[in-house]
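Participant: Pasting entry24.pdb here (PDB, C-alpha atoms, pLDDT in the B column):
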ATOM      1  CA  MET D   1     -30.120  -3.293  -7.867  1.00 77.00           C
ATOM      2  CA  LYS D   2     -27.649  -1.188  -9.837  1.00 79.00           C
ATOM      3  CA  THR D   3     -28.500   2.321 -10.938  1.00 89.00           C
ATOM      4  CA  GLU D   4     -28.333   3.397 -14.580  1.00 84.00           C
ATOM      5  CA  LYS D   5     -25.197   5.410 -13.800  1.00 83.00           C
ATOM      6  CA  GLN D   6     -23.514   2.374 -12.197  1.00 85.00           C
ATOM      7  CA  LEU D   7     -24.410   0.181 -15.172  1.00 81.00           C
ATOM      8  CA  GLN D   8     -23.036   2.830 -17.527  1.00 85.00           C
ATOM      9  CA  GLY D   9     -19.816   2.947 -15.488  1.00 85.00           C
ATOM     10  CA  PHE D  10     -19.424  -0.835 -15.556  1.00 87.00           C
ATOM     11  CA  ALA D  11     -19.966  -0.870 -19.326  1.00 89.00           C
ATOM     12  CA  GLY D  12     -17.301   1.823 -19.736  1.00 92.00           C
ATOM     13  CA  GLU D  13     -14.858  -0.148 -17.591  1.00 96.00           C
ATOM     14  CA  ASP D  14     -15.489  -3.259 -19.700  1.00 96.00           C
ATOM     15  CA  MET D  15     -14.802  -1.263 -22.875  1.00 96.00           C
ATOM     16  CA  ALA D  16     -11.622   0.152 -21.325  1.00 98.00           C
ATOM     17  CA  ALA D  17     -10.378  -3.280 -20.228  1.00 98.00           C
ATOM     18  CA  ASN D  18     -11.013  -4.676 -23.711  1.00 98.00           C
ATOM     19  CA  LEU D  19      -9.110  -1.776 -25.282  1.00 98.00           C
ATOM     20  CA  LEU D  20      -6.138  -2.396 -22.999  1.00 98.00           C
ATOM     21  CA  LEU D  21      -6.161  -6.111 -23.817  1.00 98.00           C
ATOM     22  CA  GLN D  22      -6.232  -5.300 -27.550  1.00 98.00           C
ATOM     23  CA  LYS D  23      -3.187  -3.076 -27.020  1.00 98.00           C
ATOM     24  CA  GLY D  24      -1.310  -5.933 -25.352  1.00 98.00           C
ATOM     25  CA  TYR D  25      -1.653  -4.928 -21.711  1.00 98.00           C
ATOM     26  CA  ARG D  26      -2.192  -7.504 -18.978  1.00 98.00           C
ATOM     27  CA  ILE D  27      -5.062  -6.689 -16.623  1.00 98.00           C
ATOM     28  CA  LEU D  28      -3.940  -7.355 -13.048  1.00 98.00           C
ATOM     29  CA  GLU D  29      -6.883  -5.949 -11.100  1.00 98.00           C
ATOM     30  CA  ARG D  30     -10.282  -4.385 -11.615  1.00 98.00           C
ATOM     31  CA  ASN D  31     -11.910  -2.202  -8.983  1.00 97.00           C
ATOM     32  CA  TRP D  32      -8.980  -2.788  -6.622  1.00 98.00           C
ATOM     33  CA  ARG D  33      -9.466  -1.353  -3.139  1.00 97.00           C
ATOM     34  CA  CYS D  34      -7.217  -0.337  -0.286  1.00 96.00           C
ATOM     35  CA  GLY D  35      -9.459   0.985   2.476  1.00 95.00           C
ATOM     36  CA  HIS D  36     -11.532   3.783   0.950  1.00 95.00           C
ATOM     37  CA  LEU D  37      -9.204   4.089  -2.074  1.00 96.00           C
ATOM     38  CA  GLU D  38     -10.177   2.438  -5.357  1.00 97.00           C
ATOM     39  CA  VAL D  39      -8.556   2.021  -8.755  1.00 98.00           C
ATOM     40  CA  ASP D  40     -10.749   1.100 -11.733  1.00 98.00           C
ATOM     41  CA  ILE D  41      -8.084  -0.915 -13.575  1.00 98.00           C
ATOM     42  CA  ILE D  42      -4.526  -1.867 -12.744  1.00 98.00           C
ATOM     43  CA  ALA D  43      -2.665  -3.187 -15.770  1.00 98.00           C
ATOM     44  CA  GLU D  44       0.873  -3.674 -16.935  1.00 98.00           C
ATOM     45  CA  ASN D  45       2.918  -3.835 -20.056  1.00 97.00           C
ATOM     46  CA  ASP D  46       6.597  -4.654 -20.415  1.00 95.00           C
ATOM     47  CA  ASP D  47       7.675  -1.270 -19.087  1.00 96.00           C
ATOM     48  CA  TYR D  48       5.058   0.047 -16.664  1.00 98.00           C
ATOM     49  CA  LEU D  49       2.528  -0.726 -14.008  1.00 98.00           C
ATOM     50  CA  VAL D  50      -0.431   1.337 -15.208  1.00 98.00           C
ATOM     51  CA  ILE D  51      -3.034   2.826 -12.887  1.00 98.00           C
ATOM     52  CA  VAL D  52      -6.113   3.516 -15.017  1.00 98.00           C
ATOM     53  CA  GLU D  53      -9.010   5.782 -14.165  1.00 98.00           C
ATOM     54  CA  VAL D  54     -12.013   5.169 -16.420  1.00 98.00           C
ATOM     55  CA  LYS D  55     -14.476   8.029 -16.879  1.00 96.00           C
ATOM     56  CA  THR D  56     -17.712   7.290 -18.717  1.00 93.00           C
ATOM     57  CA  ARG D  57     -20.329   9.797 -19.784  1.00 91.00           C
ATOM     58  CA  LYS D  58     -23.429   9.719 -21.988  1.00 87.00           C
ATOM     59  CA  SER D  59     -22.549  13.030 -23.636  1.00 85.00           C
ATOM     60  CA  VAL D  60     -19.893  15.730 -23.760  1.00 80.00           C
ATOM     61  CA  VAL D  61     -22.314  18.573 -23.033  1.00 78.00           C
ATOM     62  CA  PHE D  62     -20.466  19.402 -19.802  1.00 84.00           C
ATOM     63  CA  GLY D  63     -17.012  18.473 -21.144  1.00 83.00           C
ATOM     64  CA  THR D  64     -15.147  15.356 -22.146  1.00 86.00           C
ATOM     65  CA  PRO D  65     -15.022  12.667 -19.466  1.00 90.00           C
ATOM     66  CA  GLU D  66     -11.319  13.096 -18.722  1.00 93.00           C
ATOM     67  CA  VAL D  67     -11.768  16.684 -17.510  1.00 90.00           C
ATOM     68  CA  PHE D  68     -13.556  15.236 -14.472  1.00 92.00           C
ATOM     69  CA  VAL D  69     -10.323  13.697 -13.178  1.00 96.00           C
ATOM     70  CA  ASP D  70      -9.465  16.670 -11.005  1.00 95.00           C
ATOM     71  CA  THR D  71      -6.495  17.115  -8.672  1.00 94.00           C
ATOM     72  CA  ALA D  72      -8.367  15.559  -5.742  1.00 95.00           C
ATOM     73  CA  LYS D  73      -9.033  12.422  -7.812  1.00 96.00           C
ATOM     74  CA  GLN D  74      -5.406  12.390  -8.947  1.00 97.00           C
ATOM     75  CA  ARG D  75      -4.215  12.496  -5.314  1.00 96.00           C
ATOM     76  CA  HIS D  76      -6.624   9.656  -4.526  1.00 96.00           C
ATOM     77  CA  LEU D  77      -5.165   7.560  -7.370  1.00 98.00           C
ATOM     78  CA  ILE D  78      -1.586   8.328  -6.327  1.00 97.00           C
ATOM     79  CA  ARG D  79      -2.291   7.199  -2.751  1.00 97.00           C
ATOM     80  CA  ALA D  80      -3.954   4.029  -4.057  1.00 98.00           C
ATOM     81  CA  ALA D  81      -0.952   3.349  -6.322  1.00 97.00           C
ATOM     82  CA  MET D  82       1.430   3.735  -3.373  1.00 97.00           C
ATOM     83  CA  CYS D  83      -0.666   1.279  -1.371  1.00 97.00           C
ATOM     84  CA  TYR D  84      -0.744  -1.222  -4.243  1.00 98.00           C
ATOM     85  CA  ALA D  85       2.993  -0.873  -4.919  1.00 97.00           C
ATOM     86  CA  LYS D  86       3.828  -1.529  -1.275  1.00 96.00           C
ATOM     87  CA  PHE D  87       1.359  -4.407  -0.925  1.00 95.00           C
ATOM     88  CA  LYS D  88       2.484  -6.137  -4.151  1.00 96.00           C
ATOM     89  CA  GLU D  89       6.169  -5.099  -3.930  1.00 97.00           C
ATOM     90  CA  VAL D  90       6.061  -3.446  -7.347  1.00 96.00           C
ATOM     91  CA  THR D  91       9.424  -2.659  -8.926  1.00 94.00           C
ATOM     92  CA  LYS D  92       8.211  -1.267 -12.258  1.00 96.00           C
ATOM     93  CA  GLU D  93       7.753   2.420 -12.899  1.00 97.00           C
ATOM     94  CA  ILE D  94       4.142   3.493 -12.307  1.00 98.00           C
ATOM     95  CA  ARG D  95       2.211   5.415 -14.936  1.00 98.00           C
ATOM     96  CA  PHE D  96      -1.215   7.060 -14.590  1.00 98.00           C
ATOM     97  CA  ASP D  97      -3.603   6.807 -17.545  1.00 98.00           C
ATOM     98  CA  ILE D  98      -7.167   7.916 -18.130  1.00 98.00           C
ATOM     99  CA  ILE D  99      -9.559   6.120 -20.428  1.00 98.00           C
ATOM    100  CA  SER D 100     -12.369   8.419 -21.482  1.00 97.00           C
ATOM    101  CA  VAL D 101     -15.572   6.766 -22.704  1.00 96.00           C
ATOM    102  CA  VAL D 102     -18.551   8.469 -24.325  1.00 94.00           C
ATOM    103  CA  ASN D 103     -21.282   5.864 -24.620  1.00 86.00           C
ATOM    104  CA  SER D 104     -24.637   6.995 -25.983  1.00 81.00           C
ATOM    105  CA  PRO D 105     -27.051   5.673 -28.606  1.00 78.00           C
ATOM    106  CA  GLU D 106     -25.728   8.274 -31.057  1.00 79.00           C
ATOM    107  CA  CYS D 107     -22.025   7.969 -30.294  1.00 78.00           C
ATOM    108  CA  GLN D 108     -19.584   5.495 -28.866  1.00 86.00           C
ATOM    109  CA  GLU D 109     -16.079   6.873 -28.428  1.00 93.00           C
ATOM    110  CA  ILE D 110     -13.127   5.696 -26.354  1.00 96.00           C
ATOM    111  CA  ASN D 111      -9.893   7.588 -25.818  1.00 97.00           C
ATOM    112  CA  HIS D 112      -6.822   6.226 -24.023  1.00 98.00           C
ATOM    113  CA  ILE D 113      -4.719   9.029 -22.556  1.00 98.00           C
ATOM    114  CA  GLU D 114      -1.344   7.623 -21.558  1.00 98.00           C
ATOM    115  CA  ASN D 115       0.642   9.506 -18.912  1.00 97.00           C
ATOM    116  CA  ALA D 116      -2.422  11.642 -18.199  1.00 97.00           C
ATOM    117  CA  PHE D 117      -0.784  13.159 -15.134  1.00 96.00           C
ATOM    118  CA  LYS D 118       2.465  12.864 -13.233  1.00 92.00           C
ATOM    119  CA  PRO D 119       2.590  12.366  -9.486  1.00 89.00           C
ATOM    120  CA  LYS D 120       4.785  14.461  -7.275  1.00 75.00           C
ATOM    121  CA  TRP D 121       6.117  11.549  -5.227  1.00 60.00           C
TER
END
What's the structure tokens form of this structure?
Facilitator:
Amino acid sequence: MKTEKQLQGFAGEDMAANLLLQKGYRILERNWRCGHLEVDIIAENDDYLVIVEVKTRKSVVFGTPEVFVDTAKQRHLIRAAMCYAKFKEVTKEIRFDIISVVNSPECQEINHIENAFKPKW
């Protein structure tokens, strides 16, 4: 049985995927894994392969969801992107985005932050 936090996370990922589709992205993978590494959404547009971290919160009392993508999480996503690029023989430039979701009874807000951070390959 899924916890409330897991259900909230899944709902946020669904909202994020729908937003990307509305913007014309193609969703290639959801919850893609390489060993212990995981990427919430891997999408693409004409120019980029986009590695998307989705952060969902019920409130912004402790900060907006995107502030929780710290440097350790960024390194995790970069390693996962390298694994995916090698496995799928990706030739497109890779971009790292964050989709921040606040999903509460009082407020529903989604924010797509393109190029949220740059890797130091």
Participant: Taking the file as shown, find all residues satisfying the PyMOL selection byres ((chain D and resi 98) around 12) and write them as an MDAnalysis selection string.
Facilitator: chainID D and resid 12:13 16:17 20 39:42 50:56 64:70 73:74 77 95:97 99:101 110:118
Participant: Find the residues around stretch 78-83 of chain D up to 8 Å (only C-alpha atoms counted), leave out those fewer than 5 positions away in its own chain, and share them as an MDAnalysis selection string.
Facilitator: chainID D and resid 33:34 37:39 51 94 119
Participant: In Å, with one decimal, what is the gap from atom CA of D:Glu109 to atom CA of D:Trp32?
Facilitator: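 Rounded to one decimal, the two atoms are 24.9 Å apart.
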Participant: So the first atom is atom CA of D:Asn45 and the second is atom CA of D:Phe87; what is the distance between them in Å, to one decimal place?
Facilitator: 19.2 Å
Participant: For atom CA of D:Arg30 and atom CA of D:Leu7, determine how far apart the two atoms are, in Å to one decimal place.
Facilitator: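 Result for atom CA of D:Arg30 versus atom CA of D:Leu7: 15.3 Å, one decimal.
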Participant: Restricting the calculation to all atoms listed in the file: of D:Glu93, D:Glu4, D:Glu29, D:Asp14, which residue gets closest to D:Tyr48?
Facilitator: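 The closest residue to D:Tyr48 is D:Glu93.
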Participant: For D:Asp46, which residue among D:Lys120, D:Lys5, D:Arg26, D:Arg75 is the nearest when counting all atoms listed in the file?
Facilitator: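 Ranking D:Lys120, D:Lys5, D:Arg26, D:Arg75 by distance to D:Asp46, first place goes to D:Arg26.
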Participant: Using only the atoms of stretch 97-104 of chain D listed in the file, plus 6 Å on each side, state the axis-aligned box centre and edge lengths in Å rounded to one decimal, as lines of an AutoDock Vina configuration file.
Facilitator:
center_x = -14.1
center_y = 7.2
center_z = -21.8
size_x = 33.0
size_y = 14.6
size_z = 20.4
Participant: Hey, which of D:His76, D:Val90, D:Lys58, D:Ile27 ends up closest to D:Gly9? Count all atoms listed in the file.
Facilitator: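 Using all atoms listed in the file, the shortest distance to D:Gly9 belongs to D:Lys58.
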Participant: Restricting the calculation to only C-alpha atoms: of D:Cys107, D:Leu28, D:Ala72, D:Val102, which residue gets closest to D:Lys88?
Facilitator: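 Of all the options, D:Leu28 lies closest to D:Lys88.
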